[in-house]
Each structure stands twice: as structure tokens, then as C-alpha cells.
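A.B. asks: This is the content of model08.txt (compact mmCIF, C-alpha atoms):
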# COMPACT_ATOMS: atom_id res chain seq x y z
CA MET A 1 136.55 -13.48 176.35
CA ALA A 2 134.23 -15.92 178.04
CA LEU A 3 132.43 -16.21 174.69
CA ALA A 4 135.59 -17.32 172.92
CA ALA A 5 136.32 -19.74 175.74
CA ARG A 6 133.19 -21.70 174.88
CA ALA A 7 135.16 -23.33 172.08
CA LEU A 8 136.91 -25.66 174.52
CA TRP A 9 134.38 -25.66 177.30
CA PRO A 10 131.27 -27.81 177.94
CA CYS A 11 128.64 -26.13 175.86
CA GLY A 12 125.79 -26.55 178.30
CA ARG A 13 122.44 -28.26 178.14
CA THR A 14 120.18 -27.66 175.18
CA VAL A 15 116.64 -27.73 173.93
CA VAL A 16 114.94 -29.36 170.94
CA TRP A 17 113.02 -27.24 168.43
CA ARG A 18 111.03 -28.61 165.54
CA LEU A 19 110.79 -26.56 162.35
CA GLY A 20 108.12 -26.99 159.70
CA CYS A 21 106.51 -30.04 161.38
CA ARG A 22 103.98 -31.03 163.95
CA PRO A 23 104.97 -30.76 167.29
CA GLY A 24 126.74 -70.24 169.83
CA PRO A 25 123.63 -71.85 169.25
CA GLY A 26 122.46 -75.30 170.37
CA LEU A 27 120.87 -77.85 168.05
CA SER A 28 117.19 -77.48 167.22
CA ALA A 29 114.61 -80.05 168.33
CA ARG A 30 114.58 -81.41 164.79
CA SER A 31 118.39 -81.75 164.86
CA ARG A 32 118.30 -83.59 168.17
CA ALA A 33 115.63 -85.95 166.84
CA GLY A 34 117.73 -86.64 163.74
CA LEU A 35 120.74 -87.39 165.87
CA ALA A 36 118.76 -89.83 168.04
CA GLY A 37 117.39 -91.57 164.92
CA ALA A 38 120.84 -91.93 163.43
CA ALA A 39 122.18 -93.47 166.62
CA GLY A 40 119.22 -95.84 166.96
CA ASN A 41 119.27 -97.14 163.36
CA PRO A 42 122.85 -98.07 162.55
CA GLY A 43 123.79 -98.87 158.96
CA PRO A 44 125.27 -102.18 157.73
CA ALA A 45 128.85 -101.40 158.68
CA ILE A 46 127.85 -100.53 162.23
CA THR A 47 125.48 -103.52 162.53
CA ALA A 48 128.28 -105.86 161.58
CA ARG A 49 130.15 -104.60 164.59
CA LYS A 50 127.18 -104.45 166.92
CA GLY A 51 129.13 -106.11 169.67
CA ASN A 52 131.61 -103.18 169.89
CA PRO A 53 130.00 -100.42 172.01
CA ARG A 54 133.08 -98.18 171.80
CA LEU A 55 132.90 -98.14 168.01
CA LEU A 56 129.17 -97.50 168.15
CA GLY A 57 129.73 -94.58 170.50
CA ALA A 58 132.51 -93.18 168.34
CA ALA A 59 130.36 -93.39 165.21
CA ALA A 60 127.43 -91.69 166.92
CA LEU A 61 129.72 -88.98 168.25
CA ALA A 62 131.21 -88.38 164.80
CA LEU A 63 127.77 -88.17 163.21
CA GLY A 64 126.55 -85.84 165.96
CA GLY A 65 129.61 -83.64 165.54
CA ALA A 66 129.04 -83.43 161.78
CA LEU A 67 125.42 -82.42 162.31
CA GLY A 68 126.47 -79.88 164.93
CA LEU A 69 129.02 -78.33 162.58
CA TYR A 70 126.44 -78.21 159.79
CA HIS A 71 123.85 -76.39 161.91
CA THR A 72 126.47 -74.07 163.41
CA ALA A 73 127.66 -73.14 159.91
CA ARG A 74 124.05 -72.54 158.81
CA TRP A 75 123.45 -70.33 161.87
CA HIS A 76 126.58 -68.26 161.26
CA LEU A 77 125.77 -67.79 157.58
CA ARG A 78 122.24 -66.71 158.46
CA ALA A 79 123.57 -64.32 161.11
CA GLN A 80 125.89 -62.79 158.50
CA ASP A 81 122.94 -62.41 156.10
CA LEU A 82 120.90 -60.72 158.82
CA ARG A 83 123.76 -58.35 159.67
CA ALA A 84 124.17 -57.50 155.99
CA GLU A 85 120.42 -56.87 155.64
CA HIS A 86 120.46 -54.70 158.79
CA SER A 87 123.47 -52.70 157.54
CA ALA A 88 121.77 -52.18 154.18
CA ALA A 89 118.62 -50.98 155.94
CA GLN A 90 120.66 -48.55 158.06
CA LEU A 91 122.43 -47.25 154.95
CA SER A 92 119.07 -46.73 153.25
CA LEU A 93 117.75 -44.79 156.25
CA SER A 94 120.90 -42.68 156.51
CA SER A 95 120.66 -41.73 152.83
CA GLN A 96 117.23 -40.23 153.50
CA LEU A 97 118.67 -37.70 155.96
CA GLN A 98 120.46 -34.48 155.11
CA LEU A 99 122.37 -33.40 158.20
CA THR A 100 124.08 -30.13 159.04
CA LEU A 101 126.07 -29.83 162.26
CA TYR A 102 126.67 -26.38 163.77
CA GLN A 103 129.63 -26.67 166.10
CA TYR A 104 132.79 -25.44 167.73
CA LYS A 105 135.37 -27.99 166.62
CA THR A 106 137.06 -28.11 170.02
CA CYS A 107 133.84 -28.44 172.04
CA PRO A 108 133.67 -31.90 173.68
CA PHE A 109 129.91 -32.17 173.18
CA CYS A 110 130.28 -31.40 169.47
CA SER A 111 133.12 -33.91 169.24
CA LYS A 112 130.83 -36.58 170.72
CA VAL A 113 128.28 -35.99 167.97
CA ARG A 114 130.93 -36.13 165.23
CA ALA A 115 132.28 -39.42 166.60
CA PHE A 116 128.76 -40.89 166.45
CA LEU A 117 128.05 -39.60 162.93
CA ASP A 118 131.39 -40.82 161.60
CA PHE A 119 131.16 -44.29 163.14
CA HIS A 120 127.65 -44.75 161.74
CA ALA A 121 128.69 -43.44 158.31
CA LEU A 122 126.10 -40.68 158.36
CA PRO A 123 127.04 -37.97 155.83
CA TYR A 124 126.85 -34.45 157.24
CA GLN A 125 127.95 -30.92 156.55
CA VAL A 126 129.79 -28.90 159.17
CA VAL A 127 129.25 -25.22 159.88
CA GLU A 128 131.92 -23.84 162.20
CA VAL A 129 130.37 -21.21 164.46
CA ASN A 130 132.23 -18.06 165.44
CA PRO A 131 132.22 -18.29 169.26
CA VAL A 132 132.08 -14.50 169.66
CA ARG A 133 129.44 -13.36 167.16
CA ARG A 134 127.67 -16.70 166.53
CA ALA A 135 126.12 -15.25 163.37
CA GLU A 136 125.98 -18.74 161.86
CA ILE A 137 123.18 -19.72 164.27
CA LYS A 138 121.21 -16.49 164.10
CA PHE A 139 118.30 -18.52 162.70
CA SER A 140 117.94 -20.18 166.11
CA SER A 141 116.55 -18.70 169.30
CA TYR A 142 118.71 -21.26 171.05
CA ARG A 143 122.26 -19.94 171.02
CA LYS A 144 124.42 -22.89 172.03
CA VAL A 145 126.06 -25.73 170.14
CA PRO A 146 125.89 -28.44 169.00
CA ILE A 147 122.87 -27.82 166.81
CA LEU A 148 121.93 -30.45 164.25
CA LEU A 149 119.54 -29.67 161.41
CA ALA A 150 118.06 -32.84 159.94
CA GLN A 151 116.15 -32.69 156.67
CA GLU A 152 113.93 -35.76 156.45
CA GLY A 153 111.81 -35.54 153.31
CA ASP A 154 109.87 -32.28 153.52
CA CYS A 155 110.34 -32.02 157.27
CA LEU A 156 113.17 -30.05 158.86
CA GLN A 157 114.09 -30.85 162.46
CA GLN A 158 116.40 -28.91 164.74
CA LEU A 159 117.95 -31.08 167.45
CA ASN A 160 120.12 -29.83 170.28
CA ASP A 161 121.88 -31.46 173.23
CA SER A 162 124.52 -33.91 172.13
CA SER A 163 122.98 -36.86 173.98
CA VAL A 164 119.50 -36.20 172.57
CA ILE A 165 120.97 -35.90 169.07
CA ILE A 166 122.77 -39.23 169.44
CA SER A 167 119.86 -41.09 171.03
CA ALA A 168 117.35 -39.79 168.48
CA LEU A 169 119.51 -40.67 165.48
CA LYS A 170 120.39 -44.12 166.82
CA THR A 171 116.72 -44.83 167.49
CA HIS A 172 115.95 -43.77 163.92
CA LEU A 173 118.64 -46.04 162.46
CA VAL A 174 117.58 -49.08 164.45
CA SER A 175 113.79 -48.73 164.36
CA GLY A 176 113.12 -46.74 161.20
CA GLN A 177 110.78 -44.38 163.06
CA SER A 178 110.66 -40.82 161.78
CA LEU A 179 112.67 -38.18 163.61
CA GLU A 180 109.51 -36.11 163.95
CA GLU A 181 107.99 -38.86 166.07
CA ILE A 182 111.19 -39.77 167.91
CA ILE A 183 111.82 -36.23 169.15
CA THR A 184 108.54 -36.25 171.06
CA TYR A 185 110.01 -38.97 173.30
CA TYR A 186 112.62 -36.53 174.66
CA PRO A 187 110.59 -33.65 176.11
CA PRO A 188 112.48 -30.63 177.49
CA MET A 189 112.17 -29.68 181.15
CA LYS A 190 113.16 -26.49 182.94
CA ALA A 191 115.29 -26.94 186.04
CA ILE A 192 117.50 -24.92 188.39
CA ASN A 193 121.15 -25.99 188.50
CA ASP A 194 123.59 -25.84 191.42
CA GLN A 195 124.48 -22.26 190.57
CA GLY A 196 120.84 -21.16 190.76
CA LYS A 197 120.49 -20.72 186.98
CA GLU A 198 117.56 -22.00 184.95
CA VAL A 199 118.63 -24.72 182.52
CA THR A 200 116.85 -27.00 180.07
CA GLU A 201 117.12 -30.72 180.67
CA PHE A 202 115.60 -33.65 178.80
CA CYS A 203 113.74 -36.72 179.90
CA ASN A 204 115.05 -40.06 178.66
CA LYS A 205 118.03 -38.60 176.80
CA TYR A 206 120.21 -41.68 177.34
CA TRP A 207 117.42 -44.07 176.41
CA LEU A 208 116.88 -45.47 172.92
CA MET A 209 113.17 -45.72 172.04
CA LEU A 210 113.09 -49.31 170.79
CA ASP A 211 110.64 -52.15 171.10
CA GLU A 212 111.67 -55.37 172.84
CA LYS A 213 112.87 -57.16 169.71
CA GLU A 214 114.88 -54.18 168.50
CA ALA A 215 116.50 -53.74 171.90
CA GLN A 216 117.34 -57.44 172.09
CA ARG A 217 118.89 -57.36 168.64
CA LEU A 218 121.00 -54.31 169.49
CA TYR A 219 122.06 -55.11 173.05
CA GLY A 220 121.53 -58.82 173.60
CA GLY A 221 120.39 -58.18 177.18
CA LYS A 222 119.27 -55.57 179.69
CA GLU A 223 122.64 -55.43 181.40
CA ALA A 224 124.40 -54.14 178.28
CA ARG A 225 121.74 -51.48 177.78
CA THR A 226 121.94 -50.29 181.38
CA GLU A 227 125.74 -50.23 181.26
CA GLU A 228 125.77 -48.13 178.11
CA MET A 229 123.36 -45.58 179.59
CA LYS A 230 125.31 -45.35 182.85
CA TRP A 231 128.61 -44.56 181.16
CA ARG A 232 127.11 -42.16 178.64
CA GLN A 233 125.80 -40.15 181.57
CA TRP A 234 129.17 -40.43 183.34
CA ALA A 235 130.86 -38.90 180.29
CA ASP A 236 128.46 -35.91 180.44
CA ASP A 237 128.29 -35.46 184.19
CA TRP A 238 131.92 -36.05 185.14
CA LEU A 239 134.45 -36.66 182.40
CA VAL A 240 133.61 -33.56 180.38
CA HIS A 241 134.14 -31.33 183.42
CA LEU A 242 137.76 -32.50 183.69
CA ILE A 243 138.70 -31.10 180.29
CA SER A 244 138.89 -27.35 180.94
CA PRO A 245 140.71 -27.54 184.31
CA ASN A 246 143.34 -29.74 182.64
CA VAL A 247 143.89 -27.86 179.39
CA TYR A 248 144.03 -24.51 181.23
CA ARG A 249 145.95 -25.89 184.22
CA THR A 250 148.95 -23.56 183.89
CA PRO A 251 149.48 -20.25 182.03
CA THR A 252 151.62 -22.07 179.45
CA GLU A 253 148.97 -24.74 178.88
CA ALA A 254 146.22 -22.11 178.70
CA LEU A 255 148.12 -20.20 176.01
CA ALA A 256 148.77 -23.39 174.04
CA SER A 257 145.09 -24.34 174.31
CA PHE A 258 143.92 -20.99 172.97
CA ASP A 259 146.46 -21.12 170.18
CA TYR A 260 144.89 -24.46 169.21
CA ILE A 261 141.36 -23.03 169.51
CA VAL A 262 142.20 -20.06 167.28
CA GLN A 263 143.80 -22.32 164.66
CA GLU A 264 140.89 -24.78 164.57
CA GLY A 265 138.05 -22.35 165.16
CA LYS A 266 136.49 -19.54 163.14
CA PHE A 267 137.99 -16.23 164.23
CA GLY A 268 138.83 -13.01 162.47
CA ALA A 269 142.46 -11.83 162.59
CA VAL A 270 141.87 -9.36 165.43
CA GLU A 271 139.48 -11.69 167.29
CA GLY A 272 142.03 -14.48 167.09
CA ALA A 273 144.86 -12.40 168.51
CA VAL A 274 142.71 -11.09 171.35
CA ALA A 275 141.29 -14.54 172.08
CA LYS A 276 144.71 -16.16 172.21
CA TYR A 277 146.16 -13.89 174.88
CA VAL A 278 143.24 -12.35 176.77
CA GLY A 279 141.17 -15.53 176.60
CA ALA A 280 144.05 -17.69 177.79
CA ALA A 281 144.60 -15.46 180.81
CA ALA A 282 140.89 -15.38 181.63
CA MET A 283 140.44 -19.14 181.34
CA TYR A 284 143.49 -19.83 183.49
CA PHE A 285 141.76 -18.07 186.39
CA ILE A 286 138.31 -19.47 185.53
CA SER A 287 139.76 -22.98 185.58
CA LYS A 288 140.69 -22.47 189.23
CA ARG A 289 137.05 -21.75 190.04
CA LEU A 290 136.00 -24.82 188.10
CA LYS A 291 138.42 -26.94 190.11
CA SER A 292 136.77 -25.76 193.30
CA ARG A 293 133.22 -26.15 191.96
CA HIS A 294 133.79 -29.78 190.98
CA HIS A 295 135.88 -30.59 194.07
CA LEU A 296 138.94 -31.60 192.08
CA GLN A 297 142.33 -32.42 193.54
CA ASP A 298 145.11 -29.84 193.77
CA ASP A 299 146.70 -31.48 190.74
CA VAL A 300 143.74 -31.89 188.37
CA ARG A 301 145.73 -34.36 186.28
CA GLU A 302 145.16 -36.93 189.00
CA ASP A 303 141.39 -36.66 188.54
CA LEU A 304 141.82 -37.09 184.79
CA TYR A 305 144.05 -40.14 185.28
CA GLU A 306 141.64 -41.70 187.76
CA ALA A 307 138.71 -41.18 185.39
CA ALA A 308 140.59 -42.76 182.48
CA ASN A 309 141.62 -45.80 184.48
CA LYS A 310 138.12 -46.16 185.89
CA TRP A 311 136.79 -46.30 182.34
CA VAL A 312 139.40 -48.85 181.26
CA ALA A 313 138.53 -51.02 184.26
CA ALA A 314 134.83 -50.86 183.33
CA VAL A 315 135.59 -52.00 179.78
CA GLY A 316 137.71 -54.84 181.19
CA LYS A 317 140.29 -57.12 179.61
CA ASP A 318 137.93 -59.59 177.94
CA ARG A 319 136.43 -57.27 175.32
CA PRO A 320 137.97 -54.64 173.04
CA PHE A 321 135.15 -52.15 173.64
CA MET A 322 132.38 -51.67 176.16
CA GLY A 323 130.11 -52.56 173.26
CA GLY A 324 131.88 -55.90 172.80
CA GLN A 325 133.38 -56.38 169.35
CA LYS A 326 132.50 -52.87 168.24
CA PRO A 327 132.13 -49.51 170.00
CA ASN A 328 128.75 -48.70 171.53
CA LEU A 329 127.38 -45.25 172.36
CA ALA A 330 129.35 -45.11 175.62
CA ASP A 331 132.62 -45.88 173.82
CA LEU A 332 131.91 -43.13 171.28
CA ALA A 333 130.94 -40.63 173.99
CA VAL A 334 134.10 -41.13 176.05
CA TYR A 335 136.27 -41.09 172.93
CA GLY A 336 134.61 -37.92 171.64
CA VAL A 337 135.13 -36.07 174.93
CA LEU A 338 138.81 -37.01 175.19
CA ARG A 339 139.57 -36.35 171.54
CA VAL A 340 139.31 -32.56 171.93
CA MET A 341 142.57 -32.60 173.92
CA GLU A 342 144.62 -34.18 171.12
CA GLY A 343 147.77 -32.18 170.44
CA LEU A 344 147.81 -30.66 173.93
CA GLU A 345 150.03 -31.47 176.91
CA ALA A 346 147.08 -32.86 178.86
CA PHE A 347 146.41 -35.45 176.16
CA SER A 348 150.05 -36.55 176.00
CA ASP A 349 150.12 -36.93 179.77
CA LEU A 350 146.88 -38.90 179.68
CA MET A 351 148.23 -41.39 177.15
CA ARG A 352 151.52 -41.74 179.01
CA HIS A 353 150.29 -42.09 182.59
CA THR A 354 147.13 -44.22 182.22
CA HIS A 355 146.07 -47.48 180.59
CA ILE A 356 143.64 -45.87 178.16
CA GLN A 357 145.75 -45.64 175.01
CA PRO A 358 145.09 -49.15 173.58
CA TRP A 359 141.31 -48.69 173.91
CA TYR A 360 141.51 -45.14 172.50
CA LEU A 361 143.45 -46.30 169.44
CA ARG A 362 140.98 -49.15 168.85
CA VAL A 363 138.06 -46.72 168.75
CA GLU A 364 140.02 -44.39 166.48
CA LYS A 365 140.74 -47.31 164.14
CA ALA A 366 137.11 -48.48 164.15
CA ILE A 367 135.90 -45.02 163.12
CA ALA A 368 138.59 -44.71 160.44
CA GLU A 369 137.69 -48.11 158.99
CA THR A 370 134.02 -47.16 158.79
CA LEU A 371 134.84 -43.93 156.97
CA LEU A 372 137.16 -45.82 154.60
CA VAL A 373 134.49 -48.39 153.69
CA HIS A 374 131.85 -45.73 153.04
Could I get this structure in the form of C-alpha cells?
C.D. replies:
Amino acid sequence: MALAARALWPCGRTVVWRLGCRPGPGLSARSRAGLAGAAGNPGPAITARKGNPRLLGAAALALGGALGLYHTARWHLRAQDLRAEHSAAQLSLSSQLQLTLYQYKTCPFCSKVRAFLDFHALPYQVVEVNPVRRAEIKFSSYRKVPILLAQEGDCLQQLNDSSVIISALKTHLVSGQSLEEIITYYPPMKAINDQGKEVTEFCNKYWLMLDEKEAQRLYGGKEARTEEMKWRQWADDWLVHLISPNVYRTPTEALASFDYIVQEGKFGAVEGAVAKYVGAAAMYFISKRLKSRHHLQDDVREDLYEAANKWVAAVGKDRPFMGGQKPNLADLAVYGVLRVMEGLEAFSDLMRHTHIQPWYLRVEKAIAETLLVH
């Protein structure tokens, strides 16, 4: 039943295959000059009161304030126009892609990809994969999920690894580069993991391949870019490994988790019954090994609570999201990982015993609003 257990278990690292293709603004100098001219050439009413320096100062201040408001309004209107143009360009690019996501609904890596696609209003079809037979991905020599097929014109790309999928698509939306070109920036590498198994890793998978102007427009500064990358990696390297030990923490929770998996997943009648009981028992014992492997506390809830509060502290009190006024890729990654626990005891405990709920609900609302608009 380890195969069935993949549905609520980190789905591993993946490889990319390519099919059918080759491998508040200040015043401008002109505004400042205008303000100086206005102050130095008073009109008749001001000249008549030339002996009153306070009145002169007040008039100059009023005129300067009016000019400042005018230029600020112009700047904000232009910024809105630029944002509208950028959104229209993104919508045009997204309409050129036909996306199909092969997934297990309860897999945290798959959930990350869905959160990204939904927030960016990218239409996609979902193919739910049977975690036992996996016949739905028989076309692929790579046998893990998520798998994203992207039809771009006459070129069909297969992208794997949730972080590569997200970085490649975001780079495409911001820069307009073709996916065929973008994928070459994330070369696969073979490595040996801590368990002595060969795995496929990717260079640059948390890095968006943008030029300086594009990066400045998206992030506003290097610190924001570095912060986003750091926490995206944290979600993959730490947060995701807290899910299984928590949802399979006790026999009762393990059974409830597999009941949820069977309901949401793609199982036959016999497969579902076997998965629910045999799988739950197997994953209860496997979760104990996972707790030891990742050096978790005796009560794994404490690790989950600490991770949630650490994330909330990193976001801080002065911004609704790590991305500022809207979720960035780190927000969407953390949200996507945690979302797979919804409806389970671990999720209820998380909302009740940490400070993460307000942030979580804000991300949920932001995604829902995007889907509503589009």
C-alpha cells in the first residue's frame, strides 16, 4: 500500500522532459524648477503684500503642494495604466498555453502547482492519477506527479517538479520567453540522497530567469527576491515533511486521512477499501520512521506549530503577505502545502493553536477573487 500512500505524501523530486521540440515618487527636475519659478515671480496679489514673508511662504507652500498632488496623481494613474497593460499582456500569454496537470489531489506538491495556476488565472485541465496503477501517466517514462503538459503553439512540453513548473511558468508570464527556451535554464542533475538513493535535482529551480528590468518590476529589490526564494525552498525542504507525520500521527488520524484520500482520489471500489484500512495501518508505522528520519519531536504537532509560527513571524505584522499587497510564490507554496490537510484533525489543530489562520484566509480569499474575476 505504499503506492496508495503517495497520494498524501511528498511526491519526490522530478525531471523535465521535452516532447516534440528541440532540446511615492518625488517631484521631477522640471517640477522642482517650476516650483522655484513660481516662488520667485509672485503675481500681483502677492506683490502687493511683499512685506509679509509669512504670507509669501504660505502661498509658495500651497502652490508647491498643489503641484505635488498633481504629479503624484499623474504617477498613480500611469502606474495603474502600466499594471493594466502588464495584466493584459499576462492574460494574452496565458491564453496561448494549453495546460494539463497530472496529479494526486492530496499531494502537497500538486497542491502547490494548483495554487499557483489558480492565482495566476491560468486555465488548466486536471487528470487525477490512480496512485496504484498510474495508467494515466503511462505515456511518461517518469512515473511521479505532478506532471504538467504545456501545449505552446505546435510545441508540447512536459514539465515535472513542482518548483520547476512554477518557476518556468512565472518566468514565461513575466518575460514572454517561450517555455522551450525557459526549460533549458533548469537542467536536471543526478544526485545521491541521504538514504543512498539516486535522485534527480534541478539547478536554479527557485530562480526566475528575468532580466534586470523585469526583476525590478516584479520584486522592487534584491531583498524581496532572495526572501521569496529562501521560503520557497523552506516549504519544500522542511514544511512538506511535516505533513505525513501529522496526518498519520495516530491510528484514528491515519484512518481518517485514508478515508479522505479514497474519497478525493481515483480508486476502484476494491482498491479504495483495501487502501483505507491496509494503507492507513501501513502509513501509521511509516510515519514513525519519518519522525525519526527528520528528527521531529515526540509530539509532531509541536514541529508543525513551530513551523507555522515561524512563517507568520517572517511575513510580519506590517504586510498582509510575504509578497506585500498580494501573495508571492512563497505565499502560494506554503499555502499549497498546508491546504492538503484541510478537513483533517491536524489542520483544525494548526488553525487553533498557531497564529497562521488570518494569513491563510487572506491567501484563500486572494485566490478566490482571482478565479471570480476570470
A.B. asks: Using only C-alpha atoms, which protein or nucleic acid residues come within 12 Å of segment 221-224 of chain A? Drop anything in the same chain fewer than 2 positions from it, and give the result as a list in words.
C.D. replies: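 Non-adjacent residues within range: Glu212, Lys213, Glu214, Ala215, Gln216, Arg217, Leu218, Tyr219, Thr226, Glu227, Glu228, Met229, Lys230, Trp231, Val315, Phe321, Met322, Gly323, Gly324, Asn328, Leu329 and Ala330 of chain A.
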A.B. asks: So that each row is one residue of segment 196-279 of chain A with an atom at most 7 Å from segment 301-312 of chain A, can you give its shortest atom pair and the distance in Å to one decimal, using all atoms listed in the file, rows by chain and rising number, as a Markdown table?
C.D. replies:
| residue | atom | partner | partner_atom | distance |
| --- | --- | --- | --- | --- |
| A:Leu239 | CA | A:Ala307 | CA | 6.9 |
| A:Leu242 | CA | A:Leu304 | CA | 6.2 |
| A:Asn246 | CA | A:Arg301 | CA | 6.3 |
A.B. asks: Report the closest atom pair, with its distance in Å rounded to one decimal, for each residue of segment 219-319 of chain A that has an atom no farther than 12 Å from segment 126-147 of chain A; count only C-alpha atoms, sort by chain and then rising residue number, and write it as a tab-separated table.
C.D. replies:
residue	atom	partner	partner_atom	distance
A:Ile261	CA	A:Pro131	CA	10.3
A:Val262	CA	A:Pro131	CA	10.3
A:Glu264	CA	A:Glu128	CA	9.3
A:Gly265	CA	A:Glu128	CA	7.0
A:Lys266	CA	A:Asn130	CA	5.1
A:Phe267	CA	A:Asn130	CA	6.2
A:Gly268	CA	A:Asn130	CA	8.8
A:Val270	CA	A:Val132	CA	11.8
A:Glu271	CA	A:Val132	CA	8.3
A:Gly272	CA	A:Val132	CA	10.3
A:Val274	CA	A:Val132	CA	11.3
A:Ala275	CA	A:Val132	CA	9.5
A:Gly279	CA	A:Val132	CA	11.5
A.B. asks: Could you tell me which of A:Cys107, A:Leu208, A:Ile183, A:Val337 comes closest to Ser167 of chain A if we count only C-alpha atoms?
C.D. replies: A:Leu208
A.B. asks: Restricting the calculation to all atoms listed in the file, which member of A:Ile166, A:Val373, A:Cys203, A:Ala273 is positioned closest to Pro188 of chain A?
C.D. replies: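 Nearest candidate to Pro188 of chain A out of A:Ile166, A:Val373, A:Cys203, A:Ala273: A:Cys203.
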A.B. asks: Enter the distance from atom CA of Arg362 of chain A to atom CA of Leu101 of chain A, in Å, rounded to one decimal.
C.D. replies: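 Atom-to-atom, atom CA of Arg362 of chain A and atom CA of Leu101 of chain A are spaced 25.3 Å apart.
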A.B. asks: Between atom CA of Val363 of chain A and atom CA of Leu338 of chain A, what is the distance, to one decimal in Å?
C.D. replies: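 If I compute the distance from atom CA of Val363 of chain A to atom CA of Leu338 of chain A, I get 11.7 Å.
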A.B. asks: Counting only C-alpha atoms, which of A:Tyr206, A:Lys317, A:Gln263, A:Met341 gets nearest to Pro245 of chain A?
C.D. replies: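 Using only C-alpha atoms, the shortest distance to Pro245 of chain A belongs to A:Met341.
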A.B. asks: For atom CA of Leu371 of chain A and atom CA of Tyr124 of chain A, quote the distance in Å rounded to one decimal.
C.D. replies: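 Those two atoms sit 12.4 Å apart.
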A.B. asks: For Ser162 of chain A, which residue among A:Lys288, A:Arg232, A:Lys276, A:Arg352 is the nearest when counting all atoms listed in the file?
C.D. replies: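 When distances to Ser162 of chain A are compared using all atoms listed in the file, the smallest one comes from A:Arg232.
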A.B. asks: Have a look at A:Trp234, A:Tyr248, A:Phe116, A:Tyr335 and name the one nearest to Ala282 of chain A; count all atoms listed in the file.
C.D. replies: A:Tyr248
A.B. asks: Return the single residue from A:Ala254, A:Cys110, A:Ile356, A:Ala168 that is closest to Ala314 of chain A, with distances computed using all atoms listed in the file.
C.D. replies: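 Closest to Ala314 of chain A of all the choices is A:Ile356.
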